[in-house]
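Here's the structure we're looking at; comments come further down.
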Amino acid sequence: MDKKLNLISLISLVLSSMLGAGVFSLPQNMALNAGPLALIIGWSITGIGIIFLATTLLLLNQLKPDLQGGIFAYAKDGFGNLIGFYSAWGYWLCAVIANISYLVIVFSAISFFIDTPNHTIFSNGNTWQAILGASILLWLVHFLLLNGTQTASIINIITTLCKLIPLIIFIFLSFIAFNFEIFKINLMELNLNIPIWKQIKNTMLITLWVFIGVEGAVILSSRAKNKNDVGKATLLAVIIALFIYLLVTLLSFGIMDRIDLASMRNPSMAGIMTILIGNFGNLFTAIGLIISVCGAYLSWTIMAAEVPYIASKNNIFPNILSKQNIYKAPSYALLFTNISMQICLILIWITKIDYNKLLTIASEMILIPYLLVGAYLFKISLKKNKFNLFISFGSCIYSIWLLYAAGFLNLLLSLILYTPGLIFLILTKINNPNILFLNKIEKFFCFILLILSFCALYFLIK
């Protein structure tokens, strides 16, 4: 039998989901788009927005304890079967793409050890050798998770502790080497020739990316030993992650010039560590990244498999995906998810997409599910609870701001990626005509979405 997850396991899972590859690339990613002043404002907006979103999830977990799985269960209950289905589809696709990005960056980090200028093996993690290695890792984790979430959670606690060590050392050494004069020169960053508001906007998807996973404890609430631990785990993990992100980002601007930071190869923390402690810094950070990403990959695989499993139990995905093995692991949902990831890995090898592009796509796919969470709390709190109404309004405003910050082209891309969901929806209906009942308005909406998707595809390729 699969044991329930305690508070430490839940904190570890949420923290590990958020602290993945992104934190090791933050210095370069942020320096490329903004100066320290814009970043302070941007992180403040993100911190407030994420707290609004996390609080929304916690309130809904208390108000609707029967709706297991959060996110898409709330969307279905509040806005109907079709919206619930697309929320589940978008979130699951985000989880799949996030996991693929982790596999890509792992082998990109390994290239620090084995690639030479004259002999490239793993490069940016999208060569055939890297894809082969990623595929082996994918199926090793698959068989590990078939033993249940408790086995994975123990490993996850260990990897979370291991990933915190290089981050704490980086922050400590950066404090010692921090030069306020360099930071002051970087503060306004007039060389970018970009208004501060636009610098802030350009960092939003990056700041969102490093916080994706905040809903992990809510998604796995059905496996929590104590339901009250879900709220504690979420808020503690958010506070710890925000503190780490702020320090990693801002301290870097007190070590070197923004232009030099922006031109560094990712993971850029490795380059800074080389400045701080010599060549060993490169090796130290790469090892830390590999451990960190493997931990995040493990967490996200648990959540990615949980999405179709819970969606199936809510009658919006095929019934077969709700089956469990003797260890209470969602074996069919896990197989469905990992086969999809294997297909994506092959596509990456063909298209040569890199980590940064995957980051953008994954961040984009989560925006609509996040918006629907806030909208659902707003709907059930209307004329009932002013505090809940305030929290839901803040969550919605943050989600809408993110949709604006994502940009028009990224919105078109996400619209195209929602289209395969129509095929999956049709197959679901064929498999079981009695589930996922759609009314006339929802059927009409499906038709409109299909037309808009073709228009978006035409616009992107013309």
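A note on labels: chains of the structure tokens are A, B, ... as shown, every chain counts residues from 1, and ligands are counted from 1 in their shown order.
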*Please identify all polymer residues within 12 Å of region 453-459 of chain A, counting only C-alpha atoms, omitting same-chain residues fewer than 4 positions from it, and present them as a PyMOL selection string.*
chain A and resi 408-422+446-449
Using the selection just defined, write its residues with C-alpha atoms as a compact mmCIF listing (two decimals), in the first residue's frame.
# COMPACT_ATOMS: atom_id res chain seq x y z
CA PHE A 408 0.80 38.04 -28.99
CA LEU A 409 2.98 35.43 -30.74
CA ASN A 410 3.25 33.25 -27.65
CA LEU A 411 -0.51 33.41 -27.19
CA LEU A 412 -0.95 32.20 -30.78
CA LEU A 413 1.47 29.34 -30.13
CA SER A 414 -0.42 28.25 -27.01
CA LEU A 415 -3.68 28.36 -28.98
CA ILE A 416 -2.20 25.93 -31.53
CA LEU A 417 -1.01 23.60 -28.76
CA TYR A 418 -4.52 23.47 -27.30
CA THR A 419 -5.82 22.17 -30.66
CA PRO A 420 -4.58 18.54 -30.28
CA GLY A 421 -6.81 18.48 -27.22
CA LEU A 422 -9.77 18.45 -29.62
CA CYS A 446 -14.91 23.85 -29.94
CA PHE A 447 -15.61 24.81 -33.54
CA ILE A 448 -14.52 28.43 -32.94
CA LEU A 449 -11.33 27.25 -31.22
Closest-contact table, region 59-161 of chain A side, partner region 270-282 of chain A, 10 Å, counting only C-alpha atoms, as JSON lines:
{"residue": "A:Ala109", "atom": "CA", "partner": "A:Ala270", "partner_atom": "CA", "distance": 9.9}
{"residue": "A:Phe112", "atom": "CA", "partner": "A:Asn282", "partner_atom": "CA", "distance": 8.1}
{"residue": "A:Phe113", "atom": "CA", "partner": "A:Asn282", "partner_atom": "CA", "distance": 9.6}
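Residues in contact with region 130-135 of chain A at 10 Å, where only C-alpha atoms are counted and same-chain residues fewer than 6 positions away are skipped, are listed as Ile100, Tyr102, Leu103, Val104, Ile105, Val106, Phe107, Ser108, Ile110, Ser111, Ile121, Phe122, Ser123, Asn124, Asn338, Met341, Gln342, Ile343, Leu345, Ile346, Leu347, Ile348 and Trp349 of chain A.
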*Within 9 Å of Asp260 (chain A), counting only C-alpha atoms, which residues qualify if same-chain residues fewer than 4 places away don't, as an MDAnalysis selection string?*
chainID A and resid 28 31 256 264
*Could you tell me how far CA of Ile165 (chain A) lies from CA of Ile240 (chain A), in Å and to one decimal?*
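Spanning CA of Ile165 (chain A) to CA of Ile240 (chain A) is a straight-line distance of 13.7 Å.
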*Would you please work out which residue, of A:Asn385, A:Ser322, A:Asn315, A:Asn118, is nearest to Phe85 (chain A) when using only C-alpha atoms?*
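Checking each of A:Asn385, A:Ser322, A:Asn315, A:Asn118 against Phe85 (chain A), counting only C-alpha atoms, the winner is A:Asn315.
Minimum distance to Gly78 (chain A) across A:Ala262, A:Ile169, A:Ile380, A:Leu250 (counting only C-alpha atoms) occurs at A:Ile380.
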*Write out as a list in words each polymer residue whose atoms come within 9 Å of Leu164 (chain A), counting only C-alpha atoms; drop sequence neighbours fewer than 6 positions from it.*
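In the requested format, the answer is Leu19, Gly288 and Ser292 of chain A.
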_I'd like to know which residues of region 26-274 of chain A are alpha helix (DSSP H) (by DSSP, run on the backbone); could you write them as a count of residues only?_
188
*Counting only C-alpha atoms, what is within 12 Å of Pro318 (chain A), bar same-chain residues fewer than 4 positions away, as number ranges by chain?*
A: 85, 308-314, 322-323, 332-333, 336, 424-436
Please save C-alpha atoms of the selected residues as an mmCIF file, in the first residue's frame.
data_model
loop_
_atom_site.group_PDB
_atom_site.id
_atom_site.type_symbol
_atom_site.label_atom_id
_atom_site.label_comp_id
_atom_site.auth_asym_id
_atom_site.auth_seq_id
_atom_site.Cartn_x
_atom_site.Cartn_y
_atom_site.Cartn_z
ATOM 1 C CA PHE A 85 -11.107 19.517 -20.010
ATOM 2 C CA PRO A 308 -4.674 12.617 -16.282
ATOM 3 C CA TYR A 309 -5.314 10.313 -13.295
ATOM 4 C CA ILE A 310 -7.416 12.916 -11.416
ATOM 5 C CA ALA A 311 -8.958 14.189 -14.680
ATOM 6 C CA SER A 312 -10.057 10.629 -15.431
ATOM 7 C CA LYS A 313 -11.637 10.308 -11.982
ATOM 8 C CA ASN A 314 -13.487 13.568 -12.753
ATOM 9 C CA SER A 322 -7.671 6.242 -13.437
ATOM 10 C CA LYS A 323 -6.395 2.690 -12.943
ATOM 11 C CA TYR A 332 -1.793 3.966 -16.983
ATOM 12 C CA ALA A 333 -1.650 7.752 -16.541
ATOM 13 C CA PHE A 336 0.406 7.824 -21.175
ATOM 14 C CA PHE A 424 -8.019 13.742 -27.625
ATOM 15 C CA LEU A 425 -11.503 14.966 -26.648
ATOM 16 C CA ILE A 426 -13.064 13.164 -29.633
ATOM 17 C CA LEU A 427 -11.185 9.948 -28.794
ATOM 18 C CA THR A 428 -12.388 10.268 -25.196
ATOM 19 C CA LYS A 429 -15.978 10.540 -26.371
ATOM 20 C CA ILE A 430 -15.583 7.533 -28.674
ATOM 21 C CA ASN A 431 -14.064 5.526 -25.826
ATOM 22 C CA ASN A 432 -16.930 6.386 -23.503
ATOM 23 C CA PRO A 433 -19.892 8.349 -24.912
ATOM 24 C CA ASN A 434 -21.355 8.748 -21.416
ATOM 25 C CA ILE A 435 -18.553 11.005 -20.117
ATOM 26 C CA LEU A 436 -17.605 14.592 -20.915
#
*asked:* Show me, as a VMD selection string, the residues that have an atom within 9 Å of region 357-374 of chain A when counting only C-alpha atoms, minus same-chain residues fewer than 6 positions from it.
replied: chain A and resid 22 52 to 53 56 to 57 60 70 to 72 74 to 75 78 to 79 83 86 to 88 90 to 98 100 to 101 205 to 206 208 to 209 212 391 to 400 402 to 403 406 410 to 411 413 to 415 417 to 418
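Checking A:Ala54, A:Cys162, A:Ile200, A:Ala177 one by one against Gly254 (chain A), counting only C-alpha atoms, you find the shortest gap at A:Ala177.
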_What does the structure give for the distance between CA of Asn202 (chain A) and CA of Leu289 (chain A), in Å to one decimal?_
24.6 Å
